[in-house]
>>> print(open('start.txt').read())   # compact mmCIF, C-alpha atoms and all ligand atoms
# COMPACT_ATOMS: atom_id res chain seq x y z
CA MET A 127 30.96 41.12 -12.77
CA PRO A 128 28.95 38.88 -10.43
CA LYS A 129 25.15 39.29 -10.41
CA ALA A 130 23.86 41.00 -7.28
CA LYS A 131 22.30 38.76 -4.63
CA GLU A 132 21.46 41.70 -2.35
CA THR A 133 21.92 45.48 -2.49
CA VAL A 134 25.61 46.29 -3.09
CA LEU A 135 27.70 49.23 -4.16
CA GLU A 136 30.41 47.93 -6.45
CA ILE A 137 33.48 50.13 -6.66
CA ASP A 138 35.77 49.76 -9.65
CA LEU A 139 39.29 50.68 -8.55
CA GLY A 140 40.50 50.31 -12.15
CA ALA A 141 38.09 53.05 -13.22
CA LEU A 142 39.43 55.22 -10.39
CA ALA A 143 42.97 54.81 -11.79
CA GLN A 144 41.69 55.64 -15.28
CA ASN A 145 39.99 58.83 -14.06
CA PHE A 146 43.08 59.82 -12.08
CA ASN A 147 45.25 59.39 -15.17
CA TYR A 148 42.78 61.29 -17.33
CA LEU A 149 42.78 64.27 -14.95
CA LYS A 150 46.59 64.12 -14.76
CA SER A 151 46.75 64.24 -18.55
CA LYS A 152 45.18 67.72 -18.30
CA LEU A 153 48.06 68.97 -16.11
CA LYS A 154 51.64 69.98 -16.65
CA THR A 155 53.92 67.16 -15.46
CA ASP A 156 55.01 68.99 -12.32
CA THR A 157 51.52 70.07 -11.20
CA LYS A 158 50.60 68.19 -8.05
CA VAL A 159 47.29 66.43 -7.47
CA LEU A 160 45.32 66.59 -4.26
CA ALA A 161 42.52 64.02 -4.16
CA VAL A 162 39.42 65.14 -2.29
CA ILE A 163 38.14 62.11 -0.40
CA LYS A 164 35.70 63.77 1.99
CA ALA A 165 32.33 62.16 2.75
CA PHE A 166 33.58 58.56 2.40
CA ALA A 167 35.27 59.47 -0.89
CA TYR A 168 32.01 60.84 -2.27
CA GLY A 169 29.94 57.99 -0.91
CA SER A 170 32.22 55.12 -1.93
CA ASP A 171 34.78 54.20 0.75
CA SER A 172 37.48 56.56 1.89
CA VAL A 173 40.02 53.96 3.06
CA GLU A 174 40.02 51.77 -0.07
CA ILE A 175 40.00 54.81 -2.34
CA ALA A 176 42.85 56.41 -0.37
CA LYS A 177 44.91 53.20 -0.54
CA GLN A 178 44.49 53.00 -4.31
CA LEU A 179 45.30 56.70 -4.82
CA GLN A 180 48.29 56.50 -2.49
CA HIS A 181 49.49 53.55 -4.58
CA LEU A 182 49.07 55.78 -7.67
CA LYS A 183 51.29 58.35 -5.92
CA VAL A 184 48.77 61.12 -5.42
CA ASN A 185 50.48 64.08 -3.71
CA TYR A 186 47.87 65.06 -1.15
CA PHE A 187 44.49 64.17 0.27
CA ALA A 188 41.76 66.45 1.56
CA VAL A 189 38.84 65.67 3.83
CA ALA A 190 36.25 68.09 5.17
CA TYR A 191 36.22 67.20 8.85
CA THR A 192 38.97 66.14 11.22
CA HIS A 193 37.46 62.78 12.06
CA GLU A 194 37.53 61.79 8.41
CA GLY A 195 41.29 62.29 8.50
CA VAL A 196 41.64 60.25 11.70
CA VAL A 197 39.94 57.30 9.97
CA LEU A 198 42.53 57.45 7.19
CA ARG A 199 45.45 57.64 9.62
CA ASN A 200 44.02 54.69 11.58
CA ALA A 201 44.03 52.75 8.32
CA GLY A 202 47.73 53.47 7.80
CA ILE A 203 47.48 56.21 5.15
CA THR A 204 50.73 58.22 5.22
CA THR A 205 50.13 60.80 2.45
CA PRO A 206 49.64 64.37 3.77
CA ILE A 207 46.00 65.13 4.58
CA LEU A 208 44.48 68.63 4.43
CA VAL A 209 41.42 69.13 6.64
CA LEU A 210 39.29 71.65 4.78
CA HIS A 211 36.86 72.55 7.52
CA PRO A 212 38.27 71.99 11.01
CA GLN A 213 36.97 73.48 14.27
CA THR A 214 39.06 74.65 17.20
CA THR A 215 38.01 71.65 19.28
CA ASN A 216 39.86 69.43 16.76
CA PHE A 217 43.28 71.11 16.93
CA ASP A 218 44.95 68.72 19.39
CA THR A 219 43.81 65.74 17.34
CA ILE A 220 44.96 67.41 14.13
CA ILE A 221 48.51 67.72 15.43
CA ASP A 222 48.51 64.33 17.18
CA ARG A 223 47.43 62.59 13.97
CA CYS A 224 49.60 64.59 11.60
CA LEU A 225 46.70 66.22 9.80
CA GLU A 226 47.02 69.69 8.26
CA PRO A 227 44.35 72.33 8.88
CA SER A 228 42.86 74.85 6.52
CA LEU A 229 42.96 78.11 8.49
CA TYR A 230 40.24 80.42 7.26
CA SER A 231 39.67 83.11 9.89
CA THR A 232 41.60 85.12 12.47
CA LYS A 233 40.00 83.20 15.30
CA ILE A 234 40.96 79.84 13.79
CA LEU A 235 44.48 81.00 12.93
CA ASN A 236 45.17 82.40 16.41
CA GLU A 237 43.82 79.36 18.17
CA PHE A 238 45.78 76.95 15.99
CA ILE A 239 49.00 78.82 16.65
CA GLN A 240 48.28 78.69 20.39
CA VAL A 241 47.79 74.93 20.30
CA ALA A 242 50.88 74.42 18.09
CA GLU A 243 52.99 76.44 20.53
CA LYS A 244 51.59 74.59 23.53
CA LYS A 245 52.55 71.33 21.81
CA ASN A 246 56.08 72.65 21.03
CA GLN A 247 55.68 72.41 17.28
CA SER A 248 57.99 74.09 14.83
CA ALA A 249 57.02 74.85 11.22
CA TYR A 250 53.84 72.76 11.46
CA PRO A 251 52.28 72.82 7.94
CA VAL A 252 49.05 74.80 7.64
CA HIS A 253 47.02 75.93 4.64
CA ILE A 254 45.70 79.46 4.44
CA LYS A 255 42.29 79.74 2.79
CA PHE A 256 41.25 82.96 1.03
CA ASN A 257 37.78 83.92 -0.06
CA THR A 258 37.78 85.20 -3.65
CA GLY A 259 34.04 85.22 -4.30
CA LEU A 260 32.41 81.98 -3.15
CA ASN A 261 31.75 83.75 0.17
CA ARG A 262 31.79 80.56 2.16
CA LEU A 263 35.07 80.24 4.10
CA GLY A 264 38.29 82.22 3.97
CA PHE A 265 40.20 85.38 4.75
CA TRP A 266 39.49 88.41 2.62
CA GLN A 267 42.11 89.92 0.34
CA ASN A 268 42.52 92.91 2.68
CA GLU A 269 43.52 90.59 5.53
CA VAL A 270 46.77 89.38 3.90
CA ASP A 271 48.81 91.81 5.96
CA ASP A 272 47.30 90.67 9.27
CA VAL A 273 47.64 86.99 8.39
CA VAL A 274 51.28 87.36 7.40
CA SER A 275 52.11 89.40 10.52
CA LYS A 276 50.49 86.78 12.69
CA LEU A 277 52.33 83.94 10.93
CA LYS A 278 55.62 85.80 11.35
CA THR A 279 55.17 86.10 15.11
CA SER A 280 55.35 82.34 15.59
CA LYS A 281 57.84 79.68 14.50
CA SER A 282 55.31 77.00 15.37
CA VAL A 283 53.55 76.99 11.97
CA ILE A 284 54.44 77.51 8.33
CA ALA A 285 52.07 78.29 5.44
CA LYS A 286 52.62 75.22 3.31
CA THR A 287 50.01 76.36 0.79
CA ILE A 288 47.60 79.18 0.17
CA PHE A 289 44.38 78.43 -1.62
CA SER A 290 40.93 79.52 -2.65
CA HIS A 291 37.87 77.85 -4.19
CA LEU A 292 36.03 78.71 -7.40
CA ALA A 293 32.31 79.44 -7.20
CA ALA A 294 31.29 78.43 -10.72
CA SER A 295 34.10 76.57 -12.47
CA GLU A 296 31.62 74.34 -14.35
CA ALA A 297 29.46 77.25 -15.57
CA ILE A 298 30.76 78.56 -18.88
CA ASN A 299 28.45 81.60 -18.64
CA GLU A 300 30.31 82.61 -15.46
CA LYS A 301 33.70 82.76 -17.17
CA LYS A 302 34.04 86.46 -16.43
CA PHE A 303 33.41 85.98 -12.73
CA THR A 304 35.80 83.02 -12.58
CA THR A 305 38.51 85.04 -14.31
CA GLN A 306 38.04 87.72 -11.67
CA GLN A 307 38.45 85.08 -8.97
CA ILE A 308 41.65 83.82 -10.62
CA ASN A 309 43.05 87.35 -10.82
CA CYS A 310 42.10 88.09 -7.25
CA PHE A 311 43.85 84.89 -6.12
CA LYS A 312 46.98 85.84 -8.08
CA ALA A 313 47.05 89.26 -6.42
CA ILE A 314 46.63 87.70 -2.98
CA ALA A 315 49.40 85.17 -3.66
CA LYS A 316 51.79 87.85 -4.88
CA GLU A 317 51.25 90.07 -1.87
CA PHE A 318 51.45 87.10 0.51
CA GLU A 319 54.72 85.80 -0.95
CA THR A 320 56.33 89.23 -0.93
CA LYS A 321 55.37 89.91 2.66
CA ILE A 322 56.14 86.49 4.12
CA GLY A 323 59.38 86.00 2.19
CA TYR A 324 58.83 82.43 0.98
CA LYS A 325 56.66 80.74 -1.63
CA PRO A 326 53.83 78.56 -0.38
CA TRP A 327 52.27 76.25 -3.02
CA LEU A 328 49.19 77.74 -4.64
CA HIS A 329 45.99 75.87 -5.48
CA LEU A 330 42.60 76.96 -6.73
CA CYS A 331 40.99 74.47 -9.14
CA ASN A 332 38.50 71.70 -8.45
CA THR A 333 37.64 69.13 -11.15
CA SER A 334 35.81 71.57 -13.45
CA GLY A 335 38.55 74.12 -12.88
CA VAL A 336 41.11 71.56 -14.07
CA ILE A 337 39.09 71.04 -17.23
CA ASN A 338 37.97 74.61 -17.98
CA TYR A 339 40.79 76.79 -16.61
CA PRO A 340 44.19 75.32 -17.56
CA GLU A 341 45.72 78.76 -16.92
CA ALA A 342 44.79 78.47 -13.24
CA HIS A 343 46.28 75.13 -12.24
CA PHE A 344 49.11 76.78 -10.26
CA ASP A 345 51.17 74.30 -8.16
CA MET A 346 48.42 71.83 -7.31
CA VAL A 347 44.78 71.04 -8.18
CA ARG A 348 42.07 69.58 -5.95
CA CYS A 349 40.04 66.86 -7.65
CA GLY A 350 36.95 65.24 -6.22
CA ILE A 351 34.04 64.42 -8.52
CA GLY A 352 36.24 63.72 -11.57
CA LEU A 353 38.03 60.91 -9.76
CA TYR A 354 34.67 59.28 -9.13
CA GLY A 355 33.78 59.54 -12.80
CA PHE A 356 31.68 62.67 -13.30
CA GLY A 357 32.77 65.69 -15.32
CA ASN A 358 29.89 68.13 -14.77
CA SER A 359 29.17 68.16 -18.52
CA ALA A 360 28.05 65.66 -21.15
CA GLN A 361 31.34 66.21 -23.00
CA GLU A 362 33.56 65.44 -20.00
CA ASP A 363 31.37 62.59 -18.75
CA LYS A 364 32.53 60.76 -21.90
CA ASN A 365 36.17 60.96 -20.80
CA LEU A 366 35.52 59.67 -17.30
CA LYS A 367 34.08 56.45 -15.93
CA PRO A 368 31.79 56.31 -12.89
CA ILE A 369 33.53 54.09 -10.36
CA ALA A 370 30.36 53.09 -8.50
CA THR A 371 27.60 50.72 -9.54
CA LEU A 372 24.58 50.45 -7.27
CA LYS A 373 22.80 47.14 -7.74
CA SER A 374 20.08 45.21 -6.07
CA ILE A 375 17.70 42.32 -6.66
CA ILE A 376 13.97 41.71 -6.99
CA SER A 377 12.75 40.35 -3.65
CA GLN A 378 9.17 39.77 -4.73
CA ILE A 379 6.80 40.32 -7.65
CA HIS A 380 3.16 41.31 -7.14
CA ASN A 381 0.28 41.53 -9.56
CA VAL A 382 -1.82 44.42 -8.34
CA ASP A 383 -5.42 44.62 -9.52
CA LYS A 384 -7.10 47.72 -10.84
CA ASN A 385 -8.04 50.13 -8.01
CA GLU A 386 -5.64 48.49 -5.57
CA THR A 387 -2.90 50.67 -4.12
CA VAL A 388 0.81 50.21 -3.45
CA GLY A 389 2.82 51.30 -0.42
CA TYR A 390 2.40 53.70 2.49
CA ASN A 391 -0.47 56.14 2.45
CA ARG A 392 -1.69 54.35 -0.66
CA ALA A 393 0.22 56.85 -2.79
CA PHE A 394 0.10 54.71 -5.95
CA LYS A 395 -3.25 53.58 -7.30
CA ALA A 396 -3.46 51.02 -10.11
CA ASN A 397 -5.55 52.13 -13.11
CA SER A 398 -5.37 48.64 -14.50
CA LEU A 399 -3.61 45.39 -13.63
CA VAL A 400 -0.04 46.32 -12.70
CA LYS A 401 2.97 44.08 -12.13
CA THR A 402 5.25 45.44 -9.40
CA ALA A 403 8.66 44.44 -8.08
CA THR A 404 9.79 45.08 -4.51
CA ILE A 405 13.48 45.90 -4.13
CA PRO A 406 15.53 45.96 -0.88
CA ILE A 407 16.75 49.55 -1.00
CA GLY A 408 15.06 52.54 0.61
CA HIS A 409 15.49 55.99 2.04
CA ALA A 410 17.78 54.66 4.78
CA ASP A 411 20.13 53.57 1.98
CA GLY A 412 20.12 56.98 0.31
CA ILE A 413 17.27 56.65 -2.15
CA THR A 414 15.36 59.54 -0.63
CA ARG A 415 11.60 60.02 -0.77
CA ILE A 416 12.12 62.62 -3.51
CA TYR A 417 12.59 59.69 -5.92
CA GLY A 418 9.17 58.25 -5.12
CA ASN A 419 5.97 58.64 -7.10
CA GLU A 420 7.56 58.02 -10.51
CA LYS A 421 10.31 60.63 -10.31
CA GLY A 422 13.09 58.07 -9.94
CA PHE A 423 13.60 54.76 -11.73
CA VAL A 424 15.75 51.64 -11.88
CA TYR A 425 16.75 49.30 -14.72
CA ILE A 426 15.76 45.65 -14.83
CA ASN A 427 16.94 43.49 -17.76
CA ASP A 428 17.79 46.74 -19.58
CA LYS A 429 14.27 48.16 -19.21
CA LYS A 430 13.43 51.29 -17.25
CA ALA A 431 11.09 50.72 -14.29
CA PRO A 432 9.73 53.77 -12.42
CA ILE A 433 9.53 53.85 -8.63
CA ILE A 434 5.86 53.91 -7.65
CA GLY A 435 4.30 55.25 -4.48
CA ASN A 436 6.34 56.41 -1.52
CA VAL A 437 9.91 55.25 -0.93
CA CYS A 438 10.00 53.17 2.28
CA MET A 439 12.92 53.00 4.70
CA ASP A 440 14.16 49.63 3.45
CA MET A 441 12.47 49.12 0.11
CA ILE A 442 11.02 50.58 -3.04
CA MET A 443 8.35 49.22 -5.33
CA VAL A 444 8.76 49.67 -9.07
CA ASN A 445 6.39 49.20 -11.98
CA VAL A 446 7.54 46.25 -14.10
CA THR A 447 4.38 45.86 -16.18
CA GLY A 448 5.51 44.60 -19.57
CA ILE A 449 9.06 43.88 -18.40
CA ASP A 450 10.21 40.29 -18.62
CA CYS A 451 11.53 39.71 -15.09
CA LYS A 452 11.24 37.42 -12.10
CA GLU A 453 12.11 37.27 -8.41
CA GLY A 454 15.89 37.15 -7.95
CA ASP A 455 16.66 39.18 -11.09
CA GLU A 456 19.30 41.88 -10.86
CA VAL A 457 18.25 45.54 -10.55
CA ILE A 458 20.53 48.40 -11.58
CA ILE A 459 20.02 51.71 -9.80
CA PHE A 460 23.03 53.25 -11.51
CA ASN A 461 26.18 52.07 -13.28
CA THR A 462 28.44 53.25 -16.10
CA LYS A 463 25.64 52.87 -18.66
CA TYR A 464 22.78 54.22 -16.54
CA ASN A 465 24.59 57.21 -15.14
CA ALA A 466 23.82 58.39 -11.60
CA SER A 467 23.60 61.97 -12.83
CA GLN A 468 20.52 61.07 -14.91
CA LEU A 469 18.81 59.66 -11.84
CA ALA A 470 19.89 62.74 -9.88
CA GLU A 471 18.41 65.03 -12.55
CA SER A 472 15.06 63.26 -12.25
CA ALA A 473 14.89 64.67 -8.72
CA ASN A 474 16.38 68.07 -9.61
CA THR A 475 19.66 67.35 -7.93
CA ILE A 476 23.25 66.60 -9.01
CA SER A 477 25.57 63.59 -9.17
CA TYR A 478 27.44 64.82 -6.07
CA GLU A 479 24.32 64.50 -3.93
CA ILE A 480 23.11 61.11 -5.04
CA ILE A 481 26.49 59.38 -4.78
CA THR A 482 27.39 60.87 -1.40
CA SER A 483 23.97 59.86 -0.05
CA ILE A 484 24.43 56.10 -0.43
CA SER A 485 24.49 55.15 3.22
CA GLN A 486 27.08 53.05 4.96
CA ARG A 487 24.46 50.32 5.41
CA VAL A 488 24.95 49.33 1.77
CA ARG A 489 27.74 46.78 1.48
CA ARG A 490 30.74 47.92 -0.57
CA LEU A 491 32.38 45.48 -2.97
CA PHE A 492 35.72 46.36 -4.55
CA ILE A 493 36.71 45.37 -8.05
CA LYS A 494 40.44 45.57 -8.75
C1 LIG B 1 34.83 69.45 -2.28
C2 LIG B 1 35.91 70.39 -2.66
C3 LIG B 1 36.69 70.20 -3.80
C4 LIG B 1 36.42 69.13 -4.83
O1 LIG B 1 35.55 69.62 -5.84
P1 LIG B 1 35.08 68.72 -7.07
O2 LIG B 1 34.14 69.60 -7.82
O3 LIG B 1 34.41 67.53 -6.50
O4 LIG B 1 36.31 68.36 -7.84
C5 LIG B 1 37.78 71.04 -3.99
N1 LIG B 1 38.05 72.04 -3.13
C6 LIG B 1 37.29 72.28 -2.05
C7 LIG B 1 37.64 73.42 -1.15
C8 LIG B 1 36.19 71.48 -1.78
O5 LIG B 1 35.43 71.74 -0.70
>>> encode(input="start.txt", output="structure tokens", more="lines below")
Ligand SMILES: *Cc1c(COP(=O)(O)O)cnc(C)c1O
Amino acid sequence: MPKAKETVLEIDLGALAQNFNYLKSKLKTDTKVLAVIKAFAYGSDSVEIAKQLQHLKVNYFAVAYTHEGVVLRNAGITTPILVLHPQTTNFDTIIDRCLEPSLYSTKILNEFIQVAEKKNQSAYPVHIKFNTGLNRLGFWQNEVDDVVSKLKTSKSVIAKTIFSHLAASEAINEKKFTTQQINCFKAIAKEFETKIGYKPWLHLCNTSGVINYPEAHFDMVRCGIGLYGFGNSAQEDKNLKPIATLKSIISQIHNVDKNETVGYNRAFKANSLVKTATIPIGHADGITRIYGNEKGFVYINDKKAPIIGNVCMDMIMVNVTGIDCKEGDEVIIFNTKYNASQLAESANTISYEIITSISQRVRRLFIK
């Protein structure tokens, strides 16, 4: 791979294919895969990731917000796209751009049917979301009857799938709770199918659900983080490959004398002569101030260099005392060897947050 000459996020589309195939190897051959590509495909690039996954014949995509789906349609993506968290103001666009809404409340369901009727739709595919314990979005189990009655009153929509979301699929100590969620979902699905008279596809599992609950894969699974190379456990991290490498370069080296300070508000004070490197990446790029003051770190020539002082908008300073390095040398913030989840843990957060935070200012480079 080329050495970085500025800050770049390299995205390995081969690793994406590997992760996709690994997750598929956990499924029965006829179980469908929905790839979750919300938030710029977890901070990478939704269009390039969608193109690669469409090429790999993924069955479905999901985004969180309507506009994320519009971007994919504008780029020529033709695979069905589920919008997980639409608002009523989006419903015209959803139909115009062939997106498929998650309908999670009576208000949302009624309003979508109204818009679908107004636009003379018939059997427009929608996805009915049930709450089985996450308590975030979804109809309750005791609303099945109402939902089915409402759906039966209109030919404008059809329940293509019914789904729910697990609250703690990665937490082995919550196995009992997760099993309850699975059973609750099964009961909902059974009642729904009986009352509506057809069989929508069922889906429940995210990445950790795929790995930990093979009995709950149903007709389709929804994979996000696993595609990007994180398995929510040390064991599964070994089977997956992070697709993103965040690299930069040393802009300048300083030798800072004892009692001098570094950065805004003089947050770092040198106890002795310190060699520092200034790197062109800051909180506007997604390295938030939480990583400052020696919480976070980067790697230079395979040596760990802590971030000193406060993170600036467009740069960080790191301590490179004792590290053989010079201006122009490559800096690794994370890659396959120096995993982003380790950096995330240094700031008490998770891989999901650090990778989705890398801002669109950082240039994306795709490796086929
Ligand atoms: C984000 C999301 C997913 C993907 O979860 P991962 O843990 O990243 O695999 C699946 N389903 C829903 C409803 C989501 O919001």
>>> residues_near_point(input="start.txt", point="(0.2, 52.9, 0.3)", cutoff="12 Å", atoms="all atoms listed in the file", output="ChimeraX atom specification")
/A:386-396,418-419,434-438,442-443
>>> residues_around(input="start.txt", residues="Gly195 in chain A", least_positions_apart="6", cutoff="7 Å", atoms="only C-alpha atoms", output="mmCIF file with C-alpha atoms, in the coordinates of the input")
data_model
loop_
_atom_site.group_PDB
_atom_site.id
_atom_site.type_symbol
_atom_site.label_atom_id
_atom_site.label_comp_id
_atom_site.auth_asym_id
_atom_site.auth_seq_id
_atom_site.Cartn_x
_atom_site.Cartn_y
_atom_site.Cartn_z
ATOM 1 C CA VAL A 189 38.840 65.670 3.830
ATOM 2 C CA ILE A 207 46.000 65.130 4.580
ATOM 3 C CA LEU A 225 46.700 66.220 9.800
#
>>> residues_around(input="start.txt", residues="Glu456 in chain A", least_positions_apart="6", cutoff="12 Å", atoms="all atoms listed in the file", output="MDAnalysis selection string")
chainID A and resid 127:134 372:377 403:406 424:429
>>> closest_residue(input="start.txt", among="A:Asp218, A:Asp455, A:Asp345, A:Glu237", to="Thr155 in chain A", atoms="all atoms listed in the file")
A:Asp345
>>> residues_around(input="start.txt", residues="Leu399 in chain A", least_positions_apart="5", cutoff="7 Å", atoms="only C-alpha atoms", output="JSON, numbers by chain")
{"A": [381, 382, 383, 384]}
>>> closest_residue(input="start.txt", among="A:Phe311, A:Phe146, A:Phe460, A:Tyr250", to="Val270 in chain A", atoms="all atoms listed in the file")
A:Phe311
>>> residues_near_point(input="start.txt", point="(51.7, 88.5, 6.9)", cutoff="9 Å", atoms="only C-alpha atoms", output="PyMOL selection string")
chain A and resi 269-278+317-319+321-322
>>> atom_distance(input="start.txt", atom1="CA of Ile493 in chain A", atom2="CA of Ser472 in chain A")
28.4 Å
>>> atom_distance(input="start.txt", atom1="CA of Lys245 in chain A", atom2="CA of Phe265 in chain A")
25.3 Å
>>> residues_near_ligand(input="start.txt", ligand="ligand LIG 1 (chain B)", cutoff="7 Å", atoms="all atoms listed in the file", output="list in words")
Val162, Ala190, Leu210, His291, Cys331, Asn332, Thr333, Ser334, Arg348, Cys349, Gly350, Ile351 and Gly352 of chain A
>>> closest_residue(input="start.txt", among="A:Val400, A:Ala167, A:Leu260, A:Ala410", to="Val446 in chain A", atoms="all atoms listed in the file")
A:Val400
>>> closest_residue(input="start.txt", among="A:Glu341, A:Asp450, A:Arg262, A:Gln267", to="Lys154 in chain A", atoms="all atoms listed in the file")
A:Glu341
